[in-house]
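Q: Sharing data04.tsv here; it has TSV, C-alpha atoms.
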chain	number	residue	atom	x	y	z
A	1	MET	CA	0.47	-28.51	-60.85
A	2	THR	CA	3.51	-26.26	-61.29
A	3	ALA	CA	3.90	-23.50	-63.85
A	4	PHE	CA	5.09	-24.44	-67.34
A	5	THR	CA	5.39	-21.70	-69.92
A	6	VAL	CA	5.36	-22.11	-73.70
A	7	ALA	CA	6.42	-18.96	-75.59
A	8	ILE	CA	5.44	-18.83	-79.25
A	9	ASP	CA	6.62	-15.91	-81.37
A	10	GLY	CA	6.47	-15.06	-85.04
A	11	PRO	CA	5.25	-12.55	-87.62
A	12	ALA	CA	1.62	-11.91	-88.50
A	13	ALA	CA	-0.31	-14.67	-90.31
A	14	ALA	CA	2.43	-17.27	-89.84
A	15	GLY	CA	0.06	-19.61	-88.03
A	16	LYS	CA	1.31	-19.08	-84.49
A	17	GLY	CA	-2.17	-18.31	-83.15
A	18	THR	CA	-3.62	-21.51	-84.54
A	19	VAL	CA	-0.65	-23.55	-83.32
A	20	SER	CA	-0.86	-21.91	-79.89
A	21	LYS	CA	-4.55	-22.66	-79.43
A	22	ALA	CA	-4.08	-26.24	-80.57
A	23	VAL	CA	-1.17	-27.03	-78.26
A	24	ALA	CA	-2.89	-25.30	-75.33
A	25	ALA	CA	-5.94	-27.49	-75.88
A	26	HIS	CA	-3.77	-30.61	-76.28
A	27	PHE	CA	-1.94	-30.12	-72.99
A	28	GLY	CA	-4.77	-28.43	-71.07
A	29	PHE	CA	-2.80	-25.18	-70.74
A	30	ALA	CA	-4.28	-21.69	-70.57
A	31	HIS	CA	-3.75	-19.60	-73.72
A	32	LEU	CA	-3.14	-15.89	-74.20
A	33	ASP	CA	-2.98	-14.24	-77.61
A	34	THR	CA	-0.90	-11.25	-76.56
A	35	GLY	CA	-1.65	-9.55	-79.85
A	36	LEU	CA	-5.18	-9.04	-78.51
A	37	LEU	CA	-3.74	-6.83	-75.77
A	38	TYR	CA	-2.37	-4.46	-78.39
A	39	ARG	CA	-5.50	-4.74	-80.51
A	40	ALA	CA	-7.61	-3.82	-77.48
A	41	VAL	CA	-5.39	-0.82	-76.81
A	42	GLY	CA	-5.52	0.10	-80.51
A	43	ARG	CA	-9.32	-0.09	-80.44
A	44	LYS	CA	-9.42	2.30	-77.48
A	45	VAL	CA	-7.00	4.69	-79.21
A	46	LEU	CA	-9.19	4.71	-82.33
A	47	ASP	CA	-12.06	5.66	-80.02
A	48	GLY	CA	-10.05	8.63	-78.75
A	49	ALA	CA	-8.15	7.25	-75.76
A	50	ASP	CA	-4.53	8.03	-74.91
A	51	PRO	CA	-2.33	4.96	-75.64
A	52	LEU	CA	-0.64	4.85	-72.22
A	53	ALA	CA	-3.89	5.40	-70.36
A	54	ALA	CA	-5.60	2.71	-72.42
A	55	ALA	CA	-2.81	0.21	-71.74
A	56	GLY	CA	-2.75	0.96	-68.04
A	57	ALA	CA	-6.50	0.51	-67.68
A	58	LEU	CA	-6.78	-2.69	-69.73
A	59	VAL	CA	-8.84	-5.48	-68.14
A	60	PRO	CA	-9.50	-9.07	-69.35
A	61	ALA	CA	-13.01	-8.12	-70.47
A	62	ASP	CA	-11.50	-5.77	-73.08
A	63	LEU	CA	-10.03	-8.79	-74.87
A	64	ALA	CA	-13.49	-10.28	-75.40
A	65	GLY	CA	-14.92	-7.21	-77.09
A	66	GLY	CA	-15.99	-7.28	-80.70
A	67	GLY	CA	-14.27	-5.48	-83.54
A	68	LEU	CA	-10.70	-6.41	-82.61
A	69	ARG	CA	-9.97	-8.22	-85.90
A	70	THR	CA	-10.55	-5.40	-88.39
A	71	PRO	CA	-7.72	-4.08	-90.61
A	72	GLU	CA	-8.04	-0.66	-88.95
A	73	VAL	CA	-7.53	-2.10	-85.48
A	74	ALA	CA	-4.63	-4.27	-86.71
A	75	GLN	CA	-2.94	-1.19	-88.15
A	76	LYS	CA	-3.38	0.83	-84.95
A	77	ALA	CA	-2.28	-2.13	-82.82
A	78	SER	CA	0.97	-2.34	-84.77
A	79	GLU	CA	1.51	1.38	-84.19
A	80	VAL	CA	0.84	1.37	-80.44
A	81	ALA	CA	3.00	-1.76	-80.04
A	82	ALA	CA	5.97	0.34	-81.12
A	83	ASP	CA	5.40	2.60	-78.08
A	84	ALA	CA	7.82	1.50	-75.34
A	85	GLY	CA	5.53	2.91	-72.66
A	86	VAL	CA	2.59	0.85	-73.87
A	87	ARG	CA	4.71	-2.30	-73.94
A	88	ARG	CA	5.96	-1.71	-70.40
A	89	ALA	CA	2.40	-1.20	-69.16
A	90	LEU	CA	1.38	-4.63	-70.49
A	91	VAL	CA	4.40	-6.64	-69.29
A	92	ALA	CA	3.06	-7.43	-65.80
A	93	PHE	CA	-0.26	-8.66	-67.23
A	94	GLN	CA	1.55	-11.08	-69.53
A	95	ARG	CA	4.11	-12.35	-67.02
A	96	GLY	CA	1.44	-13.00	-64.42
A	97	PHE	CA	-0.52	-15.05	-66.93
A	98	ALA	CA	2.58	-16.97	-67.99
A	99	ARG	CA	3.44	-18.30	-64.53
A	100	ARG	CA	-0.02	-19.44	-63.52
A	101	CYS	CA	-0.26	-22.96	-62.17
A	102	GLY	CA	-1.27	-25.59	-64.69
A	103	GLY	CA	0.73	-24.30	-67.65
A	104	ALA	CA	0.31	-21.45	-70.11
A	105	VAL	CA	0.88	-20.77	-73.79
A	106	LEU	CA	1.51	-17.18	-74.86
A	107	ASP	CA	1.91	-16.11	-78.47
A	108	GLY	CA	3.14	-12.77	-79.74
A	109	ARG	CA	6.24	-10.99	-81.00
A	110	ASP	CA	8.51	-10.78	-77.95
A	111	ILE	CA	7.40	-13.57	-75.62
A	112	GLY	CA	10.55	-15.67	-75.73
A	113	THR	CA	12.92	-12.70	-75.83
A	114	VAL	CA	11.39	-10.17	-73.41
A	115	ILE	CA	8.24	-11.32	-71.63
A	116	CYS	CA	9.25	-14.89	-70.76
A	117	PRO	CA	12.98	-15.31	-71.46
A	118	ASP	CA	13.02	-18.28	-69.04
A	119	ALA	CA	10.08	-20.10	-70.68
A	120	GLU	CA	10.42	-23.87	-70.60
A	121	VAL	CA	9.68	-24.05	-74.34
A	122	LYS	CA	10.22	-21.42	-77.02
A	123	LEU	CA	8.93	-21.76	-80.57
A	124	PHE	CA	9.28	-19.36	-83.50
A	125	VAL	CA	6.54	-19.91	-86.07
A	126	THR	CA	7.14	-18.19	-89.39
A	127	ALA	CA	6.45	-18.30	-93.14
A	128	SER	CA	7.40	-16.26	-96.20
A	129	PRO	CA	5.77	-12.81	-96.56
A	130	GLU	CA	3.98	-13.92	-99.74
A	131	VAL	CA	2.46	-16.99	-98.09
A	132	ARG	CA	1.39	-14.99	-95.04
A	133	ALA	CA	-0.15	-12.24	-97.16
A	134	ALA	CA	-2.12	-14.81	-99.17
A	135	ARG	CA	-3.51	-16.30	-95.95
A	136	ARG	CA	-4.43	-12.87	-94.60
A	137	TYR	CA	-6.07	-11.93	-97.90
A	138	ARG	CA	-8.34	-15.00	-97.73
A	139	GLU	CA	-9.25	-14.19	-94.13
A	140	LEU	CA	-10.17	-10.62	-95.00
A	141	LEU	CA	-12.26	-11.67	-97.99
A	142	GLU	CA	-14.14	-14.18	-95.84
A	143	GLY	CA	-14.75	-11.39	-93.34
A	144	GLY	CA	-16.29	-9.21	-96.03
A	145	HIS	CA	-13.42	-6.72	-96.35
A	146	ALA	CA	-12.78	-5.19	-99.78
A	147	VAL	CA	-9.03	-5.49	-100.31
A	148	THR	CA	-6.62	-6.49	-103.06
A	149	PRO	CA	-3.76	-8.99	-102.77
A	150	GLU	CA	-1.31	-6.17	-103.47
A	151	GLU	CA	-2.70	-4.05	-100.65
A	152	VAL	CA	-2.52	-6.92	-98.19
A	153	LEU	CA	1.08	-7.76	-99.12
A	154	ALA	CA	2.11	-4.11	-98.81
A	155	ASP	CA	0.45	-3.90	-95.39
A	156	GLN	CA	2.12	-7.18	-94.38
A	157	LEU	CA	5.57	-5.89	-95.34
A	158	ALA	CA	4.96	-2.60	-93.51
A	159	ARG	CA	3.88	-4.43	-90.34
A	160	ASP	CA	6.92	-6.69	-90.55
A	161	ALA	CA	9.19	-3.66	-90.87
A	162	ARG	CA	7.60	-1.99	-87.84
A	163	ASP	CA	7.76	-5.17	-85.76
A	164	ARG	CA	11.39	-5.90	-86.60
A	165	GLY	CA	12.59	-2.31	-86.63
A	166	ARG	CA	11.19	-0.92	-83.39
A	167	ALA	CA	13.77	0.01	-80.78
A	168	ASP	CA	11.91	-1.66	-77.91
A	169	ALA	CA	11.35	-5.44	-78.03
A	170	PRO	CA	11.71	-5.98	-81.79
A	171	LEU	CA	10.51	-9.20	-83.40
A	172	VAL	CA	13.47	-11.57	-83.44
A	173	GLN	CA	13.85	-15.28	-82.94
A	174	ALA	CA	15.21	-16.15	-79.49
A	175	PRO	CA	18.55	-18.01	-79.80
A	176	ASP	CA	17.10	-21.04	-78.02
A	177	ALA	CA	13.75	-21.09	-79.86
A	178	VAL	CA	12.80	-23.94	-82.20
A	179	ARG	CA	11.94	-22.58	-85.64
A	180	ILE	CA	8.83	-23.92	-87.40
A	181	ASP	CA	8.46	-22.63	-90.97
A	182	THR	CA	4.87	-23.16	-92.14
A	183	SER	CA	5.37	-21.91	-95.71
A	184	ASP	CA	5.05	-25.43	-97.12
A	185	MET	CA	3.63	-27.14	-94.04
A	186	SER	CA	0.04	-28.04	-93.23
A	187	ILE	CA	-1.37	-26.73	-89.97
A	188	ASP	CA	-1.72	-30.29	-88.71
A	189	ALA	CA	1.97	-30.92	-89.35
A	190	ALA	CA	2.92	-27.65	-87.63
A	191	VAL	CA	0.83	-28.51	-84.58
A	192	ALA	CA	2.30	-32.02	-84.45
A	193	ARG	CA	5.82	-30.58	-84.55
A	194	ALA	CA	5.00	-28.16	-81.73
A	195	VAL	CA	3.31	-30.83	-79.61
A	196	ALA	CA	6.29	-33.15	-80.02
A	197	GLU	CA	8.72	-30.43	-78.96
A	198	ILE	CA	6.68	-29.51	-75.87
A	199	ALA	CA	6.18	-33.15	-74.90
A	200	SER	CA	9.92	-33.73	-75.18
A	201	ARG	CA	10.73	-30.77	-72.95
A	202	ARG	CA	8.18	-31.91	-70.37
A	203	GLY	CA	9.60	-35.40	-70.38
A	204	ASP	CA	6.32	-36.99	-71.43
A	205	GLY	CA	6.58	-40.72	-72.03
Represent the structure from my file as structure tokens, please.
A:
Amino acid sequence: MTAFTVAIDGPAAAGKGTVSKAVAAHFGFAHLDTGLLYRAVGRKVLDGADPLAAAGALVPADLAGGGLRTPEVAQKASEVAADAGVRRALVAFQRGFARRCGGAVLDGRDIGTVICPDAEVKLFVTASPEVRAARRYRELLEGGHAVTPEEVLADQLARDARDRGRADAPLVQAPDAVRIDTSDMSIDAAVARAVAEIASRRGDG
């Protein structure tokens, strides 16, 4: 089977990870949450590693480690992602994954614009900051983290500003990406919309 790349971008807590996993499972594609790359680097930096050295030495096993979903790691991941050197060090890893035989889904911030500008399908999954913060707040509470809605929203807005304002590979919607706004959409509806778009591009019956 030939390569077929689906690039899914969007801000934090928009639902792109859930959509990505669902469509990968539907079509039998491999899936890579590229945010985990930066979280893994962030985890190493919190443990005292140099950002560039951590990015250059990253291996798949690092993505399976525990503790990558904490607020502290998320914060550090957002910071190291703004480092152009770190981003360059992780490009080859992502592009190699994207062109594997059998199809691949990658989700992140710059997949359709920088990592895979020639992807067969590009989606931009988004939602309002307030909706995304409310989702993240529920996730953190369920994970046992002591946070307030106001703190989560403030952190959300700060992350958005860093992602959109960085000089290297900022978060923007690719001109040819299909926008899916999940603010008032169920996850099932969002997945159905994504599946339909991918099936159309593949020429499925």
Q: Expressed in Å to a single decimal, how great is the separation between atom CA of A:Ala55 and atom CA of A:Cys101?
A: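 Atom CA of A:Cys101 lies at a distance of 25.2 Å from atom CA of A:Ala55.
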Q: Please build the interface table for stretch 80-197 of chain A against stretch 15-30 of chain A with a cut-off of 6 Å, listing for each qualifying residue the nearest atom pair and the distance in Å to one decimal; count all atoms listed in the file, order rows by chain and increasing number, and write it as JSON lines.
A:
{"residue": "A:Gly103", "atom": "CA", "partner": "A:Phe29", "partner_atom": "CA", "distance": 4.8}
{"residue": "A:Ala104", "atom": "CA", "partner": "A:Ala30", "partner_atom": "CA", "distance": 4.6}
{"residue": "A:Val125", "atom": "CA", "partner": "A:Lys16", "partner_atom": "CA", "distance": 5.5}
{"residue": "A:Val191", "atom": "CA", "partner": "A:Val19", "partner_atom": "CA", "distance": 5.3}
Q: Just give me the residues with any atom within 9 Å of (11.3, -16.0, -73.2), file coordinates, counting only C-alpha atoms, written as a PyMOL selection string.
A: chain A and resi 5-8+110-122+174+177
Q: What is the atom CA of A:Ala190-atom CA of A:Asp176 distance in Å, reported with one decimal?
A: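 Computing it gives 18.4 Å between the two atoms.
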Q: State, in Å with one decimal place, the distance from atom CA of A:Gly143 to atom CA of A:Arg69.
A: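 Atom-to-atom, atom CA of A:Gly143 and atom CA of A:Arg69 are spaced 9.4 Å apart.
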Q: Have a look at A:Arg100, A:Ser183, A:Val178, A:Ala154 and name the one nearest to A:Ala196; count all atoms listed in the file.
A: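 Smallest distance to A:Ala196 is found for A:Val178.
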Q: Just the residues within 10 Å of A:Ala84, please, counting only C-alpha atoms, with nothing from its chain fewer than 3 positions along; format it as a list in words.
A: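 In the requested format, the answer is Leu52, Val80, Ala81, Arg87, Arg88, Ala89, Arg166, Ala167, Asp168 and Ala169 of chain A.
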Q: Enumerate, as a ChimeraX atom specification, the protein, DNA and RNA residues whose atoms approach (-1.3, -13.4, -99.4) to within 12 Å, taking into account all atoms listed in the file and the coordinate frame of the file.
A: /A:12-14,127-141,147-157,183
Q: Given the choices A:Ala192, A:Leu90, A:Ala98, A:Ala77, which gets closest to A:Ala57 if the distance is worked out from all atoms listed in the file?
A: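 Nearest to A:Ala57: A:Leu90.
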